[in-house]
file data_9.cif (mmCIF, C-alpha atoms)
data_data
#
loop_
_atom_site.label_atom_id
_atom_site.label_comp_id
_atom_site.auth_asym_id
_atom_site.auth_seq_id
_atom_site.Cartn_x
_atom_site.Cartn_y
_atom_site.Cartn_z
CA MET Z 1 12.29 -6.47 -15.54
CA SER Z 2 10.35 -6.66 -12.36
CA MET Z 3 11.00 -3.72 -10.08
CA LEU Z 4 9.87 -3.99 -6.52
CA ILE Z 5 10.65 -1.15 -4.22
CA SER Z 6 10.22 -1.78 -0.54
CA LEU Z 7 7.41 -4.24 -1.13
CA PHE Z 8 9.57 -6.66 0.73
CA SER Z 9 10.63 -5.26 4.04
CA ASN Z 10 11.62 -7.44 6.91
CA ASN Z 11 12.87 -6.39 10.30
CA ALA Z 12 14.38 -9.80 10.63
CA THR Z 13 15.56 -11.64 13.66
CA ALA Z 14 16.74 -14.78 11.86
CA HIS Z 15 18.63 -12.65 9.32
CA ASP Z 16 18.29 -15.22 6.57
CA LEU Z 17 16.96 -14.48 3.13
CA SER Z 18 16.08 -16.76 0.23
CA GLY Z 19 15.85 -15.47 -3.32
CA SER Z 20 16.09 -16.48 -6.93
CA LEU Z 21 17.63 -15.16 -10.12
CA GLY Z 22 15.79 -15.48 -13.41
CA GLN Z 23 16.93 -17.13 -16.61
CA ALA Z 24 18.86 -14.20 -18.12
CA SER Z 25 22.60 -14.07 -17.49
CA SER Z 26 22.17 -10.35 -16.82
CA ALA Z 27 19.83 -10.89 -13.86
CA VAL Z 28 20.71 -9.03 -10.68
CA ASP Z 29 18.81 -8.93 -7.41
CA PHE Z 30 19.25 -5.74 -5.44
CA TYR Z 31 18.69 -5.19 -1.70
CA GLN Z 32 19.29 -2.55 0.90
CA ILE Z 33 20.18 -3.51 4.46
CA HIS Z 34 19.78 -0.96 7.23
CA CYS Z 35 21.90 -1.43 10.33
CA PHE Z 36 20.85 0.61 13.34
CA ASP Z 37 20.90 0.72 17.12
CA ASP Z 38 17.93 -1.27 18.43
CA GLY Z 39 19.13 -0.98 22.00
CA ALA Z 40 21.95 -3.49 21.65
CA GLY Z 41 24.34 -0.81 20.49
CA ALA Z 42 25.41 1.18 17.47
CA ASN Z 43 26.19 -0.62 14.24
CA GLY Z 44 29.83 -1.54 13.81
CA TYR Z 45 29.73 -3.67 10.71
CA LEU Z 46 27.58 -5.84 8.46
CA GLU Z 47 28.49 -9.49 8.16
CA ALA Z 48 27.00 -11.46 5.27
CA GLU Z 49 27.54 -14.63 3.30
CA LEU Z 50 25.87 -16.32 0.37
CA ARG Z 51 24.95 -19.89 -0.56
CA ASP Z 52 24.11 -21.24 -4.01
CA GLU Z 53 20.99 -23.41 -3.59
CA THR Z 54 19.47 -26.04 -5.87
CA PRO Z 55 19.30 -26.52 -8.78
CA ILE Z 56 22.90 -27.63 -9.07
CA ALA Z 57 23.77 -25.85 -12.27
CA ALA Z 58 26.63 -24.16 -14.06
CA PRO Z 59 26.14 -20.56 -12.94
CA LEU Z 60 28.16 -19.46 -9.95
CA ILE Z 61 26.45 -16.96 -7.68
CA SER Z 62 28.21 -13.91 -6.28
CA MET Z 63 27.21 -11.14 -3.91
CA GLN Z 64 28.57 -7.63 -3.62
CA ILE Z 65 28.21 -5.40 -0.57
CA SER Z 66 28.78 -1.70 -0.95
CA VAL Z 67 28.73 1.21 1.44
CA GLY Z 68 29.74 4.68 0.39
CA GLU Z 69 32.34 4.15 -2.30
CA ARG Z 70 33.62 0.83 -0.95
CA VAL Z 71 32.47 -2.44 -2.49
CA TYR Z 72 33.42 -6.07 -1.81
CA ASN Z 73 32.59 -9.38 -3.45
CA THR Z 74 32.03 -12.95 -2.31
CA THR Z 75 31.24 -16.04 -4.38
CA ASP Z 76 29.95 -19.48 -3.48
CA ALA Z 77 32.34 -21.41 -5.68
CA LYS Z 78 30.71 -24.80 -5.09
CA ASP Z 79 27.04 -25.36 -5.83
CA ALA Z 80 26.71 -28.87 -4.53
CA ASP Z 81 27.43 -28.43 -0.85
CA ALA Z 82 25.82 -26.79 2.14
CA ALA Z 83 28.69 -24.42 2.78
CA TYR Z 84 28.34 -20.68 2.41
CA SER Z 85 30.70 -18.41 0.52
CA PRO Z 86 33.50 -16.66 2.39
CA SER Z 87 31.94 -14.21 4.83
CA LEU Z 88 32.24 -10.48 4.25
CA GLN Z 89 32.52 -8.04 7.15
CA VAL Z 90 31.97 -4.47 6.02
CA ALA Z 91 32.41 -1.65 8.50
CA GLY Z 92 29.90 1.18 8.57
CA ASN Z 93 28.60 4.10 10.55
CA ALA Z 94 26.47 3.76 13.67
CA ASP Z 95 23.35 3.99 11.49
CA GLU Z 96 24.23 2.67 8.06
CA TYR Z 97 22.63 1.60 4.79
CA TYR Z 98 24.39 -1.08 2.76
CA LEU Z 99 23.57 -2.02 -0.82
CA ILE Z 100 23.63 -5.68 -1.80
CA THR Z 101 23.71 -6.98 -5.37
CA ILE Z 102 23.53 -10.65 -6.29
CA ASN Z 103 24.42 -11.98 -9.72
CA LYS Z 104 25.37 -15.18 -11.53
CA THR Z 105 27.91 -16.07 -14.18
CA ALA Z 106 25.68 -17.61 -16.85
CA ALA Z 107 22.12 -18.03 -18.06
CA GLY Z 108 19.83 -20.33 -16.12
CA LYS Z 109 17.54 -19.99 -13.14
CA GLU Z 110 19.22 -20.17 -9.77
CA ASN Z 111 18.27 -19.92 -6.12
CA TYR Z 112 20.31 -18.57 -3.26
CA ALA Z 113 20.29 -17.95 0.46
CA VAL Z 114 21.90 -15.01 2.22
CA SER Z 115 22.77 -14.89 5.88
CA TYR Z 116 23.28 -11.35 7.17
CA HIS Z 117 23.79 -9.74 10.54
CA CYS Z 118 24.37 -6.20 11.72
CA LEU Z 119 26.83 -6.28 14.58
CA THR Z 120 28.20 -3.80 17.06
CA ALA Z 121 31.92 -3.23 17.45
CA GLU Z 122 31.62 -5.69 20.34
CA ASN Z 123 30.13 -8.33 18.00
CA GLN Z 124 26.63 -8.11 19.44
CA HIS Z 125 23.64 -8.39 17.11
CA THR Z 126 21.91 -5.08 16.61
CA GLY Z 127 19.09 -3.65 14.54
CA THR Z 128 18.81 -5.17 11.07
CA GLU Z 129 16.21 -4.61 8.38
CA ILE Z 130 16.26 -5.47 4.72
CA PHE Z 131 14.46 -3.99 1.70
CA ARG Z 132 14.25 -5.59 -1.72
CA ILE Z 133 14.87 -3.05 -4.47
CA ALA Z 134 14.98 -5.18 -7.61
CA ASP Z 135 14.08 -8.79 -8.27
CA GLN Z 136 15.21 -10.12 -11.61
CA MET Y 137 48.64 -1.30 -4.76
CA ASN Y 138 51.45 -3.84 -4.85
CA ASN Y 139 54.01 -4.36 -7.58
CA CYS Y 140 52.19 -7.32 -9.08
CA HIS Y 141 49.02 -5.35 -9.43
CA ALA Y 142 50.85 -2.42 -10.92
CA TYR Y 143 52.49 -4.71 -13.45
CA LEU Y 144 49.12 -5.74 -14.80
CA LEU Y 145 47.88 -2.25 -15.39
CA THR Y 146 48.25 -0.90 -18.87
CA THR Y 147 49.36 2.52 -19.85
CA ALA Y 148 45.83 3.39 -20.83
CA PHE Y 149 44.59 2.49 -17.41
CA LEU Y 150 47.33 4.42 -15.68
CA THR Y 151 46.31 7.47 -17.64
CA SER Y 152 42.83 7.16 -16.25
CA LEU Y 153 44.08 7.18 -12.68
CA SER Y 154 44.94 10.83 -12.70
CA THR Y 155 42.57 12.48 -15.13
CA PRO Y 156 38.99 11.81 -16.10
CA LEU Y 157 38.90 10.97 -19.78
CA PRO Y 158 36.12 12.49 -21.87
CA THR Y 159 35.60 9.89 -24.56
CA LEU Y 160 33.17 8.84 -27.25
CA ALA Y 161 33.80 5.11 -26.94
CA ALA Y 162 36.56 3.60 -24.91
CA THR Y 163 38.27 0.58 -23.56
CA LEU Y 164 39.87 0.51 -20.15
CA THR Y 165 42.17 -2.20 -18.83
CA GLY Y 166 42.50 -3.07 -15.17
CA ALA Y 167 43.42 -5.81 -12.75
CA LEU Y 168 41.97 -7.49 -9.69
CA LEU Y 169 44.20 -8.57 -6.85
CA ALA Y 170 44.45 -12.10 -5.45
CA ASN Y 171 41.77 -11.77 -2.77
CA SER Y 172 38.45 -13.26 -3.86
CA SER Y 173 36.62 -10.21 -2.50
CA SER Y 174 38.51 -7.83 -4.80
CA THR Y 175 36.25 -5.45 -6.66
CA ASP Y 176 37.12 -2.52 -8.90
CA SER Y 177 34.53 0.18 -9.26
CA TYR Y 178 34.14 3.08 -11.66
CA HIS Y 179 31.80 5.96 -12.24
CA ILE Y 180 30.96 6.64 -15.86
CA THR Y 181 29.22 9.92 -16.55
CA CYS Y 182 27.29 10.15 -19.81
CA ALA Y 183 26.64 13.64 -21.16
CA SER Y 184 25.31 15.25 -24.30
CA ASN Y 185 27.58 16.21 -27.18
CA ASN Y 186 27.05 17.26 -30.78
CA ASN Y 187 25.37 13.92 -31.47
CA GLY Y 188 22.62 14.66 -28.97
CA VAL Y 189 21.45 13.49 -25.58
CA THR Y 190 22.54 10.15 -24.16
CA ASP Y 191 19.97 7.39 -24.27
CA LYS Y 192 21.93 4.59 -22.60
CA LEU Y 193 25.29 3.33 -21.45
CA LYS Y 194 26.50 0.05 -22.94
CA ILE Y 195 29.29 -2.04 -21.43
CA SER Y 196 30.97 -5.40 -21.84
CA VAL Y 197 34.02 -7.00 -20.26
CA VAL Y 198 36.69 -9.47 -21.38
CA ASP Y 199 38.77 -11.65 -19.07
CA LEU Y 200 42.43 -11.19 -19.99
CA ALA Y 201 45.55 -13.12 -19.03
CA PRO Y 202 46.30 -15.07 -16.97
CA ASN Y 203 43.95 -17.83 -18.13
CA THR Y 204 43.11 -18.96 -14.63
CA PHE Y 205 39.99 -20.12 -12.89
CA PRO Y 206 38.36 -16.90 -11.70
CA ILE Y 207 35.49 -15.81 -13.90
CA ILE Y 208 35.13 -12.05 -14.28
CA SER Y 209 31.80 -10.27 -14.14
CA ALA Y 210 30.74 -6.63 -14.40
CA GLN Y 211 27.66 -5.06 -12.89
CA LEU Y 212 26.19 -1.87 -14.30
CA ILE Y 213 24.14 0.14 -11.80
CA GLN Y 214 22.19 3.36 -12.02
CA GLY Y 215 19.73 4.38 -9.37
CA MET Y 216 17.75 1.28 -8.46
CA LEU Y 217 18.53 -0.58 -11.68
CA ALA Y 218 21.29 -3.15 -12.00
CA VAL Y 219 22.37 -5.66 -14.67
CA ASN Y 220 25.22 -8.12 -14.90
CA THR Y 221 27.48 -9.49 -17.61
CA THR Y 222 30.06 -12.28 -17.34
CA ASP Y 223 32.87 -13.39 -19.60
CA SER Y 224 32.45 -17.12 -19.12
CA ASN Y 225 35.37 -18.16 -21.34
CA ASP Y 226 38.80 -16.98 -20.27
CA LYS Y 227 40.56 -18.72 -23.12
CA ASP Y 228 39.27 -16.53 -25.91
CA LYS Y 229 39.42 -12.83 -26.64
CA LYS Y 230 35.70 -12.35 -26.92
CA TYR Y 231 33.89 -9.85 -24.77
CA SER Y 232 31.00 -10.82 -22.54
CA PRO Y 233 27.43 -10.18 -23.70
CA GLU Y 234 26.80 -6.46 -23.96
CA ILE Y 235 24.52 -5.00 -21.31
CA ALA Y 236 22.99 -1.55 -21.09
CA LEU Y 237 20.94 0.70 -18.86
CA GLN Y 238 18.74 3.27 -20.50
CA GLN Y 239 18.96 6.10 -17.98
CA GLY Y 240 19.98 8.99 -20.23
CA ASN Y 241 22.55 11.57 -19.26
CA ALA Y 242 23.56 10.33 -15.83
CA ARG Y 243 26.33 8.95 -13.69
CA TYR Y 244 26.45 5.17 -13.83
CA GLU Y 245 28.41 2.80 -11.62
CA VAL Y 246 30.35 -0.19 -12.92
CA ARG Y 247 31.70 -2.87 -10.59
CA ILE Y 248 34.07 -5.59 -11.70
CA ASN Y 249 34.73 -8.70 -9.64
CA LYS Y 250 35.68 -12.35 -9.92
CA THR Y 251 34.50 -15.69 -8.60
CA ALA Y 252 37.64 -16.91 -6.82
CA ALA Y 253 41.00 -15.96 -5.43
CA GLY Y 254 43.82 -15.23 -7.86
CA ILE Y 255 45.12 -12.24 -9.71
CA ASP Y 256 43.28 -11.54 -12.94
CA SER Y 257 43.05 -8.75 -15.45
CA TYR Y 258 40.28 -7.46 -17.66
CA SER Y 259 39.32 -4.96 -20.26
CA LEU Y 260 36.11 -2.97 -19.97
CA ASN Y 261 34.42 -1.58 -23.05
CA TYR Y 262 31.96 1.26 -22.46
CA GLN Y 263 30.01 3.61 -24.64
CA CYS Y 264 27.33 6.20 -24.05
CA VAL Y 265 25.01 6.47 -27.05
CA THR Y 266 21.98 8.37 -28.29
CA LYS Y 267 18.70 6.72 -29.29
CA LEU Y 268 20.14 6.51 -32.81
CA GLY Y 269 23.24 4.74 -31.54
CA LYS Y 270 25.60 7.66 -31.99
CA PRO Y 271 28.25 8.09 -29.30
CA THR Y 272 27.91 10.77 -26.66
CA SER Y 273 30.40 11.97 -24.08
CA ALA Y 274 31.59 9.38 -21.55
CA THR Y 275 33.83 10.33 -18.66
CA ILE Y 276 35.20 7.61 -16.43
CA ASN Y 277 36.62 7.88 -12.93
CA ARG Y 278 38.09 5.04 -10.95
CA ILE Y 279 36.50 4.85 -7.50
CA GLN Y 280 38.07 1.71 -6.09
CA ASN Y 281 41.03 -0.38 -7.20
CA GLN Y 282 41.42 -3.72 -5.46
#
call {"tool": "encode", "arguments": {"input": "data_9.cif", "output": "structure tokens"}}
result
Amino acid sequence: MSMLISLFSNNATAHDLSGSLGQASSAVDFYQIHCFDDGAGANGYLEAELRDETPIAAPLISMQISVGERVYNTTDAKDADAAYSPSLQVAGNADEYYLITINKTAAGKENYAVSYHCLTAENQHTGTEIFRIADQ
Amino acid sequence: MNNCHAYLLTTAFLTSLSTPLPTLAATLTGALLANSSSTDSYHITCASNNNGVTDKLKISVVDLAPNTFPIISAQLIQGMLAVNTTDSNDKDKKYSPEIALQQGNARYEVRINKTAAGIDSYSLNYQCVTKLGKPTSATINRIQNQ
């Protein structure tokens, strides 16, 4: 298993991420997203959604967002379109770290895209940075 | 928790709601509500017993009735390590491929979720074991029930 800790760090403005999952059905990619006040205001919540990219293959891709002891799931149930999974909005503290895991339902290499945004309670974009923890 | 969800919970699972269960090897049954975002999460603490020190935690999951579309997966997490297992066939009684994390005596997290909306139920098999494969103490606590 390849373990990369903070080698990938991106204080993103586009808030889009592309990644891939390896052949094993057990593969999980693991990220941390930090939401903070960059001058636009304190974090209110993290909004994120996932899209299963080519190849069009059997595995479905899911993403879980956790903060504290709360965790939520979203799945892109259709591989062959450009639509994202249902969006998750997960409330957090003014300065919050969220953990993101991404998995698939079967063996086979897959690619995915994640769109993520830290937003204030007034729905304004605020500070967002992402760290890759594990890349499988 | 609504009535439908409660209906799907087994007696064994209800027992686990109130009291952590120190076990050698165990199966726990639970249910996920209709929302596609539903996720159940558990902490499993592996500890030494007369068999020795824990080497790893092994888990697998089986998708129980109803035989509907959602596919059930479980993620096992400890520290910065995570692995996934999925029961890709709802129509049989076979467990998903077994996965493990080799993190010794520790508290592990298990998340269970599904790929679509619809109520579904599952059984989680978990076992803490030594390097020789002998069972050690496993205590499970439910953290989230959706």
call {"tool": "resolve_selection", "arguments": {"input": "data_9.cif", "expression": "the PyMOL selection byres ((chain Z) within 10 of (chain Y))", "output": "VMD selection string"}}
result
chain Z and resid 1 3 to 5 24 to 31 59 to 65 69 to 77 86 to 88 101 to 107 133 to 136
call {"tool": "residues_around", "arguments": {"input": "data_9.cif", "residues": "range 35-37 of chain Z", "least_positions_apart": "6", "cutoff": "9 Å", "atoms": "only C-alpha atoms", "output": "PDB file with C-alpha atoms, in the coordinates of the input"}}
result
ATOM      1  CA  ASN Z  43      26.190  -0.620  14.240  1.00  0.00           C
ATOM      2  CA  GLY Z  44      29.830  -1.540  13.810  1.00  0.00           C
ATOM      3  CA  TYR Z  45      29.730  -3.670  10.710  1.00  0.00           C
ATOM      4  CA  LEU Z  46      27.580  -5.840   8.460  1.00  0.00           C
ATOM      5  CA  GLY Z  92      29.900   1.180   8.570  1.00  0.00           C
ATOM      6  CA  ASN Z  93      28.600   4.100  10.550  1.00  0.00           C
ATOM      7  CA  ALA Z  94      26.470   3.760  13.670  1.00  0.00           C
ATOM      8  CA  ASP Z  95      23.350   3.990  11.490  1.00  0.00           C
ATOM      9  CA  GLU Z  96      24.230   2.670   8.060  1.00  0.00           C
ATOM     10  CA  TYR Z  97      22.630   1.600   4.790  1.00  0.00           C
ATOM     11  CA  TYR Z  98      24.390  -1.080   2.760  1.00  0.00           C
ATOM     12  CA  HIS Z 117      23.790  -9.740  10.540  1.00  0.00           C
ATOM     13  CA  CYS Z 118      24.370  -6.200  11.720  1.00  0.00           C
ATOM     14  CA  LEU Z 119      26.830  -6.280  14.580  1.00  0.00           C
ATOM     15  CA  THR Z 120      28.200  -3.800  17.060  1.00  0.00           C
ATOM     16  CA  THR Z 126      21.910  -5.080  16.610  1.00  0.00           C
ATOM     17  CA  GLY Z 127      19.090  -3.650  14.540  1.00  0.00           C
ATOM     18  CA  THR Z 128      18.810  -5.170  11.070  1.00  0.00           C
ATOM     19  CA  GLU Z 129      16.210  -4.610   8.380  1.00  0.00           C
ATOM     20  CA  ILE Z 130      16.260  -5.470   4.720  1.00  0.00           C
TER      21      ILE Z 130
END
call {"tool": "closest_residue", "arguments": {"input": "data_9.cif", "among": "Y:Gly269, Y:Asn187, Y:Ile255, Y:Ser196", "to": "Tyr231 in chain Y", "atoms": "all atoms listed in the file"}}
result
Y:Ser196
call {"tool": "atom_distance", "arguments": {"input": "data_9.cif", "atom1": "CA of Lys230 in chain Y", "atom2": "CA of Arg243 in chain Y"}}
result
26.8 Å
call {"tool": "resolve_selection", "arguments": {"input": "data_9.cif", "expression": "the PyMOL selection byres ((chain Y and resi 199) around 6)", "output": "VMD selection string"}}
result
chain Y and resid 198 200 226 258
call {"tool": "resolve_selection", "arguments": {"input": "data_9.cif", "expression": "the PyMOL selection byres ((chain Y and resi 189) around 12)", "output": "number ranges by chain"}}
result
Y: 182-188, 190-193, 238-242, 264-274
call {"tool": "atom_distance", "arguments": {"input": "data_9.cif", "atom1": "CA of Glu47 in chain Z", "atom2": "CA of Tyr244 in chain Y"}}
result
26.5 Å
call {"tool": "atom_distance", "arguments": {"input": "data_9.cif", "atom1": "CA of His15 in chain Z", "atom2": "CA of Gly68 in chain Z"}}
result
22.4 Å
call {"tool": "residues_near_point", "arguments": {"input": "data_9.cif", "point": "(42.2, -6.0, -17.3)", "cutoff": "8 Å", "atoms": "only C-alpha atoms", "output": "mmCIF file with C-alpha atoms, in the coordinates of the input"}}
result
data_model
loop_
_atom_site.group_PDB
_atom_site.id
_atom_site.type_symbol
_atom_site.label_atom_id
_atom_site.label_comp_id
_atom_site.auth_asym_id
_atom_site.auth_seq_id
_atom_site.Cartn_x
_atom_site.Cartn_y
_atom_site.Cartn_z
ATOM 1 C CA LEU Y 144 49.120 -5.740 -14.800
ATOM 2 C CA LEU Y 145 47.880 -2.250 -15.390
ATOM 3 C CA LEU Y 164 39.870 0.510 -20.150
ATOM 4 C CA THR Y 165 42.170 -2.200 -18.830
ATOM 5 C CA GLY Y 166 42.500 -3.070 -15.170
ATOM 6 C CA ALA Y 167 43.420 -5.810 -12.750
ATOM 7 C CA LEU Y 168 41.970 -7.490 -9.690
ATOM 8 C CA VAL Y 198 36.690 -9.470 -21.380
ATOM 9 C CA ASP Y 199 38.770 -11.650 -19.070
ATOM 10 C CA LEU Y 200 42.430 -11.190 -19.990
ATOM 11 C CA ASP Y 256 43.280 -11.540 -12.940
ATOM 12 C CA SER Y 257 43.050 -8.750 -15.450
ATOM 13 C CA TYR Y 258 40.280 -7.460 -17.660
ATOM 14 C CA SER Y 259 39.320 -4.960 -20.260
ATOM 15 C CA LEU Y 260 36.110 -2.970 -19.970
#
